[in-house]
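Asker: Got a structure for you, run-v5.cif, holding mmCIF, C-alpha atoms; chains and numbers go by the auth columns.
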data_final
loop_
_atom_site.group_PDB
_atom_site.id
_atom_site.type_symbol
_atom_site.label_atom_id
_atom_site.label_comp_id
_atom_site.label_asym_id
_atom_site.label_seq_id
_atom_site.Cartn_x
_atom_site.Cartn_y
_atom_site.Cartn_z
_atom_site.B_iso_or_equiv
_atom_site.auth_seq_id
_atom_site.auth_asym_id
ATOM 1 C CA MET A 1 21.113 47.892 -1.268 0.00 1102 A
ATOM 2 C CA GLY A 2 18.044 46.637 -3.079 0.00 1103 A
ATOM 3 C CA GLY A 3 15.642 48.697 -5.062 0.00 1104 A
ATOM 4 C CA CYS A 4 12.209 48.601 -6.644 0.00 1105 A
ATOM 5 C CA VAL A 5 11.932 49.528 -10.299 0.00 1106 A
ATOM 6 C CA GLY A 6 8.922 51.085 -11.942 0.00 1107 A
ATOM 7 C CA ASN A 7 8.042 53.331 -14.851 0.00 1108 A
ATOM 8 C CA LEU A 8 5.598 56.108 -15.509 0.00 1109 A
ATOM 9 C CA ARG A 9 3.099 53.842 -17.231 0.00 1110 A
ATOM 10 C CA ASN A 10 1.633 50.559 -16.029 0.00 1111 A
ATOM 11 C CA GLN A 11 4.097 48.480 -17.959 0.00 1112 A
ATOM 12 C CA SER A 12 6.718 46.011 -16.800 0.00 1113 A
ATOM 13 C CA PRO A 13 10.108 47.504 -17.547 0.00 1114 A
ATOM 14 C CA SER A 14 13.350 45.631 -17.622 0.00 1115 A
ATOM 15 C CA ARG A 15 14.596 45.349 -14.083 0.00 1116 A
ATOM 16 C CA ALA A 16 17.984 45.329 -12.468 0.00 1117 A
ATOM 17 C CA SER A 17 18.351 45.390 -8.718 0.00 1118 A
ATOM 18 C CA SER A 18 20.368 48.324 -7.427 0.00 1119 A
ATOM 19 C CA GLY A 19 22.446 46.118 -5.171 0.00 1120 A
ATOM 20 C CA GLU A 20 22.284 42.513 -6.326 0.00 1121 A
ATOM 21 C CA PRO A 21 25.377 40.989 -7.945 0.00 1122 A
ATOM 22 C CA SER A 22 23.663 40.358 -11.280 0.00 1123 A
ATOM 23 C CA ALA A 23 23.039 44.055 -11.746 0.00 1124 A
ATOM 24 C CA ALA A 24 26.607 45.015 -11.358 0.00 1125 A
ATOM 25 C CA THR A 25 28.126 42.839 -14.069 0.00 1126 A
ATOM 26 C CA SER A 26 27.391 41.577 -17.497 0.00 1127 A
ATOM 27 C CA SER A 27 26.429 37.944 -17.723 0.00 1128 A
ATOM 28 C CA PRO A 28 28.914 35.519 -19.317 0.00 1129 A
ATOM 29 C CA GLN A 29 28.990 35.510 -23.067 0.00 1130 A
ATOM 30 C CA GLY A 30 26.901 32.830 -24.638 0.00 1131 A
ATOM 31 C CA THR A 31 24.867 32.031 -27.693 0.00 1132 A
ATOM 32 C CA ARG A 32 21.740 34.027 -28.250 0.00 1133 A
ATOM 33 C CA GLY A 33 19.283 33.922 -31.069 0.00 1134 A
ATOM 34 C CA VAL A 34 18.661 37.034 -33.114 0.00 1135 A
ATOM 35 C CA GLY A 35 15.946 38.756 -31.109 0.00 1136 A
ATOM 36 C CA LYS A 36 13.963 41.917 -31.424 0.00 1137 A
ATOM 37 C CA ASN A 37 15.515 45.331 -30.919 0.00 1138 A
ATOM 38 C CA VAL A 38 13.165 47.788 -29.247 0.00 1139 A
ATOM 39 C CA SER A 39 13.754 51.531 -29.322 0.00 1140 A
ATOM 40 C CA LEU A 40 14.741 53.093 -26.026 0.00 1141 A
ATOM 41 C CA ARG A 41 11.651 53.966 -24.007 0.00 1142 A
ATOM 42 C CA HIS A 42 11.255 57.666 -23.316 0.00 1143 A
ATOM 43 C CA GLU A 43 10.349 57.070 -19.698 0.00 1144 A
ATOM 44 C CA ALA A 44 12.238 57.893 -16.535 0.00 1145 A
ATOM 45 C CA VAL A 45 13.136 54.877 -14.404 0.00 1146 A
ATOM 46 C CA ARG A 46 11.560 55.222 -10.958 0.00 1147 A
ATOM 47 C CA TRP A 47 12.820 53.162 -8.040 0.00 1148 A
ATOM 48 C CA LYS A 48 13.066 53.272 -4.268 0.00 1149 A
ATOM 49 C CA SER A 49 16.184 52.544 -2.252 0.00 1150 A
ATOM 50 C CA ASP A 50 15.961 50.174 0.716 0.00 1151 A
ATOM 51 C CA LEU A 51 18.140 52.636 2.672 0.00 1152 A
ATOM 52 C CA PRO A 52 17.876 56.435 2.250 0.00 1153 A
ATOM 53 C CA LEU A 53 20.903 57.652 0.307 0.00 1154 A
ATOM 54 C CA THR A 54 22.308 61.057 -0.536 0.00 1155 A
ATOM 55 C CA GLU A 55 23.125 62.141 -4.073 0.00 1156 A
ATOM 56 C CA LYS A 56 26.833 61.855 -3.258 0.00 1157 A
ATOM 57 C CA GLN A 57 26.424 58.271 -2.079 0.00 1158 A
ATOM 58 C CA ILE A 58 24.578 57.411 -5.287 0.00 1159 A
ATOM 59 C CA GLN A 59 27.359 59.070 -7.300 0.00 1160 A
ATOM 60 C CA ASP A 60 29.973 57.053 -5.391 0.00 1161 A
ATOM 61 C CA LYS A 61 28.137 53.831 -6.191 0.00 1162 A
ATOM 62 C CA ARG A 62 27.988 54.803 -9.868 0.00 1163 A
ATOM 63 C CA GLU A 63 31.714 55.504 -9.995 0.00 1164 A
ATOM 64 C CA GLU A 64 32.433 52.165 -8.333 0.00 1165 A
ATOM 65 C CA PHE A 65 30.246 50.352 -10.871 0.00 1166 A
ATOM 66 C CA TRP A 66 31.736 52.024 -13.956 0.00 1167 A
ATOM 67 C CA ASP A 67 35.259 51.453 -12.619 0.00 1168 A
ATOM 68 C CA THR A 68 34.789 47.724 -11.971 0.00 1169 A
ATOM 69 C CA ALA A 69 32.193 46.513 -14.495 0.00 1170 A
ATOM 70 C CA PRO A 70 34.521 46.353 -17.549 0.00 1171 A
ATOM 71 C CA ALA A 71 36.852 43.964 -15.685 0.00 1172 A
ATOM 72 C CA PHE A 72 34.173 41.266 -15.402 0.00 1173 A
ATOM 73 C CA ASP A 73 33.055 40.728 -18.967 0.00 1174 A
ATOM 74 C CA GLY A 74 32.162 42.524 -22.144 0.00 1175 A
ATOM 75 C CA ARG A 75 34.020 45.062 -24.261 0.00 1176 A
ATOM 76 C CA ARG A 76 35.239 48.337 -22.802 0.00 1177 A
ATOM 77 C CA GLU A 77 33.973 50.375 -25.755 0.00 1178 A
ATOM 78 C CA ILE A 78 30.461 49.021 -25.139 0.00 1179 A
ATOM 79 C CA TRP A 79 30.679 49.891 -21.430 0.00 1180 A
ATOM 80 C CA ASP A 80 31.823 53.408 -22.386 0.00 1181 A
ATOM 81 C CA ALA A 81 28.887 53.765 -24.776 0.00 1182 A
ATOM 82 C CA LEU A 82 26.459 52.546 -22.109 0.00 1183 A
ATOM 83 C CA LYS A 83 27.880 55.035 -19.610 0.00 1184 A
ATOM 84 C CA ALA A 84 27.373 57.904 -22.052 0.00 1185 A
ATOM 85 C CA ALA A 85 23.878 56.666 -22.935 0.00 1186 A
ATOM 86 C CA ALA A 86 22.959 56.371 -19.240 0.00 1187 A
ATOM 87 C CA ALA A 87 24.042 59.975 -18.626 0.00 1188 A
ATOM 88 C CA ALA A 88 21.974 61.186 -21.579 0.00 1189 A
ATOM 89 C CA PHE A 89 19.017 59.078 -20.445 0.00 1190 A
ATOM 90 C CA GLU A 90 19.085 60.535 -16.933 0.00 1191 A
ATOM 91 C CA SER A 91 19.085 64.074 -18.346 0.00 1192 A
ATOM 92 C CA GLU A 92 16.090 63.007 -20.493 0.00 1193 A
ATOM 93 C CA ASP A 93 17.975 63.551 -23.744 0.00 1194 A
ATOM 94 C CA PHE A 94 16.468 60.369 -25.137 0.00 1195 A
ATOM 95 C CA ASP A 95 17.393 61.110 -28.755 0.00 1196 A
ATOM 96 C CA LEU A 96 21.075 61.382 -27.854 0.00 1197 A
ATOM 97 C CA ALA A 97 20.891 58.201 -25.793 0.00 1198 A
ATOM 98 C CA GLN A 98 19.286 56.369 -28.727 0.00 1199 A
ATOM 99 C CA ALA A 99 21.943 57.673 -31.122 0.00 1200 A
ATOM 100 C CA ILE A 100 24.709 56.385 -28.830 0.00 1201 A
ATOM 101 C CA ILE A 101 23.007 52.990 -28.568 0.00 1202 A
ATOM 102 C CA ASP A 102 22.586 52.730 -32.336 0.00 1203 A
ATOM 103 C CA GLY A 103 26.153 53.872 -33.009 0.00 1204 A
ATOM 104 C CA ALA A 104 27.543 51.116 -30.771 0.00 1205 A
ATOM 105 C CA SER A 105 25.226 48.464 -32.315 0.00 1206 A
ATOM 106 C CA ILE A 106 23.641 47.740 -28.935 0.00 1207 A
ATOM 107 C CA THR A 107 20.384 45.804 -28.869 0.00 1208 A
ATOM 108 C CA LEU A 108 17.633 46.537 -26.322 0.00 1209 A
ATOM 109 C CA PRO A 109 15.219 43.575 -26.242 0.00 1210 A
ATOM 110 C CA ASN A 110 12.909 45.345 -23.787 0.00 1211 A
ATOM 111 C CA GLY A 111 13.598 48.969 -24.640 0.00 1212 A
ATOM 112 C CA GLY A 112 15.570 49.622 -21.434 0.00 1213 A
ATOM 113 C CA LEU A 113 19.235 50.036 -20.524 0.00 1214 A
ATOM 114 C CA THR A 114 18.980 47.601 -17.621 0.00 1215 A
ATOM 115 C CA ASP A 115 19.224 44.682 -20.067 0.00 1216 A
ATOM 116 C CA CYS A 116 21.044 44.939 -23.394 0.00 1217 A
ATOM 117 C CA TYR A 117 23.383 43.061 -25.759 0.00 1218 A
ATOM 118 C CA ASP A 118 26.224 43.901 -28.086 0.00 1219 A
ATOM 119 C CA GLU A 119 26.486 42.595 -31.652 0.00 1220 A
ATOM 120 C CA LEU A 120 28.445 39.524 -30.434 0.00 1221 A
ATOM 121 C CA GLY A 121 25.623 38.484 -28.124 0.00 1222 A
ATOM 122 C CA THR A 122 27.290 39.487 -24.850 0.00 1223 A
ATOM 123 C CA ARG A 123 24.794 40.609 -22.248 0.00 1224 A
ATOM 124 C CA TYR A 124 25.198 43.858 -20.288 0.00 1225 A
ATOM 125 C CA GLN A 125 23.069 44.846 -17.298 0.00 1226 A
ATOM 126 C CA LEU A 126 23.005 48.305 -15.731 0.00 1227 A
ATOM 127 C CA PRO A 127 21.790 48.829 -12.156 0.00 1228 A
ATOM 128 C CA VAL A 128 18.950 51.310 -11.804 0.00 1229 A
ATOM 129 C CA TYR A 129 21.050 53.675 -9.714 0.00 1230 A
ATOM 130 C CA CYS A 130 23.087 54.410 -12.872 0.00 1231 A
ATOM 131 C CA LEU A 131 19.956 55.610 -14.657 0.00 1232 A
ATOM 132 C CA SER A 132 18.205 57.812 -12.094 0.00 1233 A
ATOM 133 C CA LEU A 133 18.115 58.884 -8.474 0.00 1234 A
ATOM 134 C CA PRO A 134 15.794 57.009 -6.111 0.00 1235 A
ATOM 135 C CA VAL A 135 12.467 58.604 -5.237 0.00 1236 A
ATOM 136 C CA ASN A 136 13.525 58.677 -1.577 0.00 1237 A
ATOM 137 C CA VAL A 137 16.903 60.356 -2.159 0.00 1238 A
ATOM 138 C CA VAL A 138 18.037 62.529 0.763 0.00 1239 A
ATOM 139 C CA VAL A 139 18.359 66.166 -0.346 0.00 1240 A
ATOM 140 C CA GLY A 140 18.847 69.579 1.208 0.00 1241 A
ATOM 141 C CA ARG A 141 21.556 68.649 3.705 0.00 1242 A
ATOM 142 C CA ASN A 142 24.491 70.968 4.401 0.00 1243 A
ATOM 143 C CA LYS A 143 28.133 69.891 4.269 0.00 1244 A
ATOM 144 C CA SER A 144 28.547 69.416 8.001 0.00 1245 A
ATOM 145 C CA ALA A 145 25.415 67.293 8.202 0.00 1246 A
ATOM 146 C CA SER A 146 26.577 65.259 5.202 0.00 1247 A
ATOM 147 C CA LEU A 147 29.995 64.681 6.755 0.00 1248 A
ATOM 148 C CA HIS A 148 28.462 63.605 10.046 0.00 1249 A
ATOM 149 C CA SER A 149 25.991 61.372 8.235 0.00 1250 A
ATOM 150 C CA GLU A 150 28.675 59.615 6.200 0.00 1251 A
ATOM 151 C CA LYS A 151 30.587 58.844 9.390 0.00 1252 A
ATOM 152 C CA SER A 152 27.620 57.599 11.396 0.00 1253 A
ATOM 153 C CA THR A 153 23.999 57.521 10.249 0.00 1254 A
ATOM 154 C CA TRP A 154 24.589 56.473 6.658 0.00 1255 A
ATOM 155 C CA LEU A 155 27.102 53.682 7.331 0.00 1256 A
ATOM 156 C CA PRO A 156 25.030 50.551 7.942 0.00 1257 A
ATOM 157 C CA GLY A 157 26.514 47.419 9.434 0.00 1258 A
ATOM 158 C CA GLU A 158 28.718 46.611 12.393 0.00 1259 A
ATOM 159 C CA GLU A 159 32.305 47.820 12.577 0.00 1260 A
ATOM 160 C CA VAL A 160 34.754 44.897 12.579 0.00 1261 A
ATOM 161 C CA VAL A 161 38.488 44.359 12.156 0.00 1262 A
ATOM 162 C CA ILE A 162 39.630 41.842 9.546 0.00 1263 A
ATOM 163 C CA LYS A 163 43.064 40.386 8.869 0.00 1264 A
ATOM 164 C CA VAL A 164 44.445 40.738 5.358 0.00 1265 A
ATOM 165 C CA ARG A 165 47.706 39.150 4.178 0.00 1266 A
ATOM 166 C CA LEU A 166 49.551 41.121 1.506 0.00 1267 A
ATOM 167 C CA SER A 167 51.133 38.975 -1.205 0.00 1268 A
ATOM 168 C CA THR A 168 53.928 41.499 -1.706 0.00 1269 A
ATOM 169 C CA THR A 169 55.248 41.305 1.874 0.00 1270 A
ATOM 170 C CA SER A 170 53.452 38.257 3.411 0.00 1271 A
ATOM 171 C CA LYS A 171 52.491 40.696 6.148 0.00 1272 A
ATOM 172 C CA ASP A 172 49.191 40.358 8.016 0.00 1273 A
ATOM 173 C CA VAL A 173 47.531 43.737 8.542 0.00 1274 A
ATOM 174 C CA LYS A 174 44.466 44.600 10.569 0.00 1275 A
ATOM 175 C CA LEU A 175 41.853 46.529 8.624 0.00 1276 A
ATOM 176 C CA PRO A 176 38.824 48.206 10.296 0.00 1277 A
ATOM 177 C CA VAL A 177 35.769 47.931 8.029 0.00 1278 A
ATOM 178 C CA ARG A 178 32.017 47.493 8.320 0.00 1279 A
ATOM 179 C CA THR A 179 30.097 44.288 7.716 0.00 1280 A
ATOM 180 C CA PHE A 180 27.971 45.959 5.013 0.00 1281 A
ATOM 181 C CA SER A 181 31.037 47.220 3.150 0.00 1282 A
ATOM 182 C CA THR A 182 31.590 45.780 -0.313 0.00 1283 A
ATOM 183 C CA ILE A 183 34.839 44.010 -1.118 0.00 1284 A
ATOM 184 C CA ALA A 184 35.692 46.934 -3.412 0.00 1285 A
ATOM 185 C CA GLU A 185 35.259 49.366 -0.496 0.00 1286 A
ATOM 186 C CA CYS A 186 37.438 47.175 1.724 0.00 1287 A
ATOM 187 C CA LYS A 187 40.136 47.145 -0.954 0.00 1288 A
ATOM 188 C CA ARG A 188 40.087 50.931 -1.133 0.00 1289 A
ATOM 189 C CA ALA A 189 40.402 51.117 2.665 0.00 1290 A
ATOM 190 C CA LEU A 190 43.389 48.756 2.555 0.00 1291 A
ATOM 191 C CA LYS A 191 44.972 50.758 -0.261 0.00 1292 A
ATOM 192 C CA GLU A 192 44.677 53.992 1.748 0.00 1293 A
ATOM 193 C CA GLN A 193 45.788 52.463 5.044 0.00 1294 A
ATOM 194 C CA GLU A 194 48.867 50.709 3.639 0.00 1295 A
ATOM 195 C CA GLU A 195 49.575 53.347 0.960 0.00 1296 A
ATOM 196 C CA LEU A 196 49.730 50.705 -1.747 0.00 1297 A
ATOM 197 C CA GLY A 197 49.627 53.158 -4.626 0.00 1298 A
ATOM 198 C CA ASP A 198 48.357 52.255 -8.099 0.00 1299 A
ATOM 199 C CA VAL A 199 47.994 48.493 -7.757 0.00 1300 A
ATOM 200 C CA ARG A 200 45.364 45.854 -8.430 0.00 1301 A
ATOM 201 C CA GLN A 201 44.087 43.665 -5.610 0.00 1302 A
ATOM 202 C CA ARG A 202 42.368 40.264 -5.801 0.00 1303 A
ATOM 203 C CA TRP A 203 41.024 38.889 -2.511 0.00 1304 A
ATOM 204 C CA PHE A 204 40.643 35.185 -1.654 0.00 1305 A
ATOM 205 C CA TYR A 205 39.270 33.406 1.389 0.00 1306 A
ATOM 206 C CA GLY A 206 38.978 29.644 1.830 0.00 1307 A
ATOM 207 C CA GLY A 207 39.907 29.050 -1.801 0.00 1308 A
ATOM 208 C CA VAL A 208 37.140 31.382 -3.031 0.00 1309 A
ATOM 209 C CA LEU A 209 37.646 34.570 -5.024 0.00 1310 A
ATOM 210 C CA LEU A 210 35.813 37.463 -3.329 0.00 1311 A
ATOM 211 C CA PRO A 211 34.182 39.587 -6.071 0.00 1312 A
ATOM 212 C CA ASP A 212 34.197 43.369 -5.629 0.00 1313 A
ATOM 213 C CA ARG A 213 30.427 43.697 -5.824 0.00 1314 A
ATOM 214 C CA PHE A 214 29.633 41.441 -2.835 0.00 1315 A
ATOM 215 C CA ARG A 215 29.420 42.633 0.762 0.00 1316 A
ATOM 216 C CA LEU A 216 31.773 41.387 3.458 0.00 1317 A
ATOM 217 C CA ASN A 217 28.999 39.839 5.552 0.00 1318 A
ATOM 218 C CA GLU A 218 28.013 37.547 2.679 0.00 1319 A
ATOM 219 C CA PHE A 219 31.174 35.463 3.178 0.00 1320 A
ATOM 220 C CA SER A 220 30.965 34.856 6.964 0.00 1321 A
ATOM 221 C CA VAL A 221 34.698 35.215 7.582 0.00 1322 A
ATOM 222 C CA PRO A 222 35.370 34.129 11.206 0.00 1323 A
ATOM 223 C CA HIS A 223 37.227 36.415 13.578 0.00 1324 A
ATOM 224 C CA ASN A 224 41.024 36.332 13.199 0.00 1325 A
ATOM 225 C CA HIS A 225 40.883 34.339 9.948 0.00 1326 A
ATOM 226 C CA VAL A 226 43.094 35.673 7.178 0.00 1327 A
ATOM 227 C CA ILE A 227 41.975 36.999 3.798 0.00 1328 A
ATOM 228 C CA GLN A 228 44.613 36.762 1.062 0.00 1329 A
ATOM 229 C CA SER A 229 45.206 39.913 -1.000 0.00 1330 A
ATOM 230 C CA ILE A 230 47.030 39.168 -4.255 0.00 1331 A
ATOM 231 C CA ILE A 231 48.597 42.439 -5.369 0.00 1332 A
ATOM 232 C CA THR A 232 49.863 43.171 -8.881 0.00 1333 A
ATOM 233 C CA ASP A 233 51.541 46.361 -10.058 0.00 1334 A
ATOM 234 C CA ASP A 234 50.069 46.629 -13.545 0.00 1335 A
ATOM 235 C CA ALA A 235 46.287 46.791 -13.208 0.00 1336 A
ATOM 236 C CA SER A 236 45.655 47.630 -16.856 0.00 1337 A
ATOM 237 C CA ALA A 237 47.616 44.627 -18.108 0.00 1338 A
ATOM 238 C CA CYS A 238 45.790 42.322 -15.714 0.00 1339 A
ATOM 239 C CA ALA A 239 42.414 43.547 -16.916 0.00 1340 A
ATOM 240 C CA SER A 240 43.186 43.450 -20.632 0.00 1341 A
ATOM 241 C CA ASP A 241 44.922 40.064 -20.541 0.00 1342 A
ATOM 242 C CA ARG A 242 42.521 38.330 -18.176 0.00 1343 A
ATOM 243 C CA GLY A 243 42.063 35.447 -20.589 0.00 1344 A
ATOM 244 C CA ALA A 244 45.730 34.487 -20.281 0.00 1345 A
ATOM 245 C CA TYR A 245 46.229 35.491 -16.641 0.00 1346 A
ATOM 246 C CA MET A 246 46.608 32.671 -14.152 0.00 1347 A
ATOM 247 C CA CYS A 247 47.026 32.877 -10.406 0.00 1348 A
ATOM 248 C CA VAL A 248 48.314 29.948 -8.336 0.00 1349 A
ATOM 249 C CA LEU A 249 48.373 30.085 -4.543 0.00 1350 A
ATOM 250 C CA ARG A 250 47.853 27.948 -1.464 0.00 1351 A
ATOM 251 C CA CYS A 251 45.006 28.723 0.933 0.00 1352 A
ATOM 252 C CA ASP A 252 46.072 29.063 4.579 0.00 1353 A
ATOM 253 C CA VAL A 253 42.670 27.876 5.836 0.00 1354 A
ATOM 254 C CA CYS A 254 42.116 24.613 3.986 0.00 1355 A
ATOM 255 C CA ASN A 255 45.631 24.128 2.526 0.00 1356 A
ATOM 256 C CA SER A 256 44.137 23.740 -0.929 0.00 1357 A
ATOM 257 C CA ILE A 257 45.793 24.863 -4.157 0.00 1358 A
ATOM 258 C CA ILE A 258 43.987 27.607 -6.052 0.00 1359 A
ATOM 259 C CA VAL A 259 44.477 27.925 -9.785 0.00 1360 A
ATOM 260 C CA THR A 260 42.330 30.631 -11.340 0.00 1361 A
ATOM 261 C CA ASN A 261 42.218 33.082 -14.187 0.00 1362 A
ATOM 262 C CA ASP A 262 39.015 34.839 -13.068 0.00 1363 A
ATOM 263 C CA VAL A 263 39.342 38.612 -12.858 0.00 1364 A
ATOM 264 C CA PRO A 264 36.960 40.268 -10.368 0.00 1365 A
#
Let's see the structure in the file written out as structure tokens.
Answerer:
Amino acid sequence: MGGCVGNLRNQSPSRASSGEPSAATSSPQGTRGVGKNVSLRHEAVRWKSDLPLTEKQIQDKREEFWDTAPAFDGRREIWDALKAAAAAFESEDFDLAQAIIDGASITLPNGGLTDCYDELGTRYQLPVYCLSLPVNVVVGRNKSASLHSEKSTWLPGEEVVIKVRLSTTSKDVKLPVRTFSTIAECKRALKEQEELGDVRQRWFYGGVLLPDRFRLNEFSVPHNHVIQSIITDDASACASDRGAYMCVLRCDVCNSIIVTNDVP
């Protein structure tokens, strides 16, 4: 889902696409010169969704982002501060949002939460859907209409069945998903279908790690080809120790050896 970003004045705000990969993660840590720190702009972020979404669908996307973003890069305490600041910003409590930003020593080069840095120079980017609802949000729908919509109208993409091999059992399972589903959504579907419990999944295809934020149709997985699901029991340990974590496996498609310590 893409989105256009604007503000209430004819200025160019910091931008973060509501669906592009760069908006859903912080960029890798690198050197950055000491730049300016601009106070948070007291302006609501206005944007339009490519596809009409309900408030619940926006909330689901926010929960997915806040659940997965800390695993990519950056410090969890900074992500927590940004989440609190984003909530205050959306409710237009700008003073509280600024106090949270200042307390966490977060720098805003452009005065917006879509692009910010911590005191170590690590970059954090928030998607616009975490800061406000789109101008074309679907409202005023009853529960039955919402349920019907979630099952039909508001599920873009073609329904397909993919094969996923579980590392715990070496079993190939068939998983019905949609081509526009994100990898994170596919993982949740697999977790529910196979009753995996509280585990962490990392998906690979053709020697490539499939990040949670990407959609299934971006990888062009042929019919009947197998996606590897590496399952670990302790998700918290995997996330906190990602620097020392290493995964070694052999790809069934190209027979190559994969050695990685990337955590999606």
Asker: Please build the interface table for region 1123-1217 of chain A against region 1236-1241 of chain A with a cut-off of 10 Å, listing for each qualifying residue the nearest atom pair and the distance in Å to one decimal; count all atoms listed in the file, order rows by chain and increasing number, and write it as a tab-separated table.
Answerer:
residue	atom	partner	partner_atom	distance
A:Val1146	CA	A:Val1236	CA	9.9
A:Arg1147	CA	A:Val1236	CA	6.7
A:Trp1148	CA	A:Val1236	CA	6.1
A:Lys1149	CA	A:Val1236	CA	5.5
A:Ser1150	CA	A:Asn1237	CA	6.7
A:Asp1151	CA	A:Asn1237	CA	9.1
A:Leu1152	CA	A:Asn1237	CA	8.7
A:Pro1153	CA	A:Val1238	CA	6.0
A:Leu1154	CA	A:Val1238	CA	5.4
A:Thr1155	CA	A:Val1239	CA	4.7
A:Glu1156	CA	A:Val1238	CA	6.8
A:Lys1157	CA	A:Val1239	CA	9.7
A:Gln1158	CA	A:Val1238	CA	9.7
A:Ile1159	CA	A:Val1238	CA	8.8
Asker: Restricting the calculation to all atoms listed in the file: of A:Lys1184, A:Arg1266, A:Lys1275, A:Lys1137, which residue gets closest to Asn1211 (chain A)?
Answerer: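 When distances to Asn1211 (chain A) are compared using all atoms listed in the file, the smallest one comes from A:Lys1137.
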Asker: Check the smallest atom-to-atom distance from each of A:Gln1199, A:Gln1226, A:Gln1294, A:Gln1329 to Pro1277 (chain A) using only C-alpha atoms, then report the winner.
Answerer: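 Looking only at the distances to Pro1277 (chain A), the closest residue turns out to be A:Gln1294.
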Asker: Rank A:Ile1328, A:Arg1289, A:Thr1223, A:Tyr1306 by their smallest atom-to-atom distance to Val1274 (chain A), using all atoms listed in the file, and report the top residue only.
Answerer: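 Residue with the minimum atom-to-atom distance to Val1274 (chain A): A:Ile1328.
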Asker: Assuming the chain letters and numbering stay as they are in my file, what does the PyMOL selection byres ((chain A and resi 1288) around 9) actually select? List them as a ChimeraX atom specification.
Answerer: /A:1283-1287,1289-1293,1302-1304,1313,1330
Asker: Evaluate the PyMOL selection byres ((chain A and resi 1176-1180) around 8) on the structure here and hand back the selected residues as a count of residues only.
Answerer: 12
Asker: Leaving out Ser1206 (chain A) and any residue of its chain fewer than 2 positions from it, which residues lie within 9 Å of it when counting only C-alpha atoms, given as a PyMOL selection string?
Answerer: chain A and resi 1179+1201-1204+1208+1218-1220
Asker: Selected by the PyMOL selection byres ((chain A and resi 1323) around 12) in the shown coordinates: which residues, as a ChimeraX atom specification?
Answerer: /A:1261-1264,1280,1306-1307,1317-1322,1324-1328,1354
Asker: Go ahead and write the selection's residues with C-alpha atoms as a compact mmCIF listing (two decimals), keeping the file's coordinate frame.
Answerer:
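After the write, part24.txt holds the following:
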# COMPACT_ATOMS: atom_id res chain seq x y z
CA VAL A 1261 34.75 44.90 12.58
CA VAL A 1262 38.49 44.36 12.16
CA ILE A 1263 39.63 41.84 9.55
CA LYS A 1264 43.06 40.39 8.87
CA THR A 1280 30.10 44.29 7.72
CA TYR A 1306 39.27 33.41 1.39
CA GLY A 1307 38.98 29.64 1.83
CA LEU A 1317 31.77 41.39 3.46
CA ASN A 1318 29.00 39.84 5.55
CA GLU A 1319 28.01 37.55 2.68
CA PHE A 1320 31.17 35.46 3.18
CA SER A 1321 30.96 34.86 6.96
CA VAL A 1322 34.70 35.22 7.58
CA HIS A 1324 37.23 36.42 13.58
CA ASN A 1325 41.02 36.33 13.20
CA HIS A 1326 40.88 34.34 9.95
CA VAL A 1327 43.09 35.67 7.18
CA ILE A 1328 41.98 37.00 3.80
CA VAL A 1354 42.67 27.88 5.84
Asker: With all atoms of region 1199-1202 of chain A from the file as input, state the centre and edge lengths in Å to one decimal of the axis-aligned box that has 6 Å extra on each side, as lines of an AutoDock Vina configuration file.
Answerer:
center_x = 22.0
center_y = 55.3
center_z = -29.8
size_x = 17.4
size_y = 16.7
size_z = 14.6
Asker: So what do you get for CA of Leu1311 (chain A) versus CA of Asp1273 (chain A), distance-wise?
Answerer: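 Interatomic distance, CA of Leu1311 (chain A) to CA of Asp1273 (chain A): 17.8 Å.
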Asker: Which is closest to Pro1235 (chain A) among A:Ala1189, A:Ala1145, A:Leu1267, A:Cys1217, if we use all atoms listed in the file?
Answerer: A:Ala1145
Asker: Please, what distance in Å, to one decimal, runs between CA of Asp1299 (chain A) and CA of Ile1332 (chain A)?
Answerer: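 CA of Asp1299 (chain A) sits 10.2 Å away from CA of Ile1332 (chain A).
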Asker: Name all residues at most 12 Å from Glu1191 (chain A) (count only C-alpha atoms; drop same-chain ones fewer than 5 positions away) and give them as a VMD selection string.
Answerer: chain A and resid 1143 to 1147 1184 to 1186 1196 to 1198 1214 1229 to 1235
Asker: Would you please work out which residue, of A:Leu1209, A:Arg1163, A:Phe1315, A:Asp1334, is nearest to Asn1138 (chain A) when using only C-alpha atoms?
Answerer: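 Answer, going by the shortest atom-to-atom distance: A:Leu1209.
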Asker: Tell me, in Å to one decimal, how far CA of Ile1331 (chain A) is from CA of Pro1228 (chain A).
Answerer: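 So the two atoms, CA of Ile1331 (chain A) and CA of Pro1228 (chain A), lie 28.2 Å apart.
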Asker: Please produce region 1275-1280 of chain A, completed to N, CA and C atoms, as a CSV table (one decimal), in the frame of the given file.
Answerer:
chain,number,residue,atom,x,y,z
A,1275,LYS,N,45.8,44.5,10.0
A,1275,LYS,CA,44.5,44.6,10.6
A,1275,LYS,C,43.8,45.8,9.9
A,1276,LEU,N,42.6,45.5,9.4
A,1276,LEU,CA,41.9,46.5,8.6
A,1276,LEU,C,40.5,46.7,9.2
A,1277,PRO,N,40.2,47.9,9.8
A,1277,PRO,CA,38.8,48.2,10.3
A,1277,PRO,C,37.9,48.5,9.2
A,1278,VAL,N,36.8,47.8,9.1
A,1278,VAL,CA,35.8,47.9,8.0
A,1278,VAL,C,34.4,47.7,8.7
A,1279,ARG,N,33.4,47.8,7.8
A,1279,ARG,CA,32.0,47.5,8.3
A,1279,ARG,C,31.5,46.3,7.6
A,1280,THR,N,30.6,45.5,8.3
A,1280,THR,CA,30.1,44.3,7.7
A,1280,THR,C,29.3,44.5,6.4
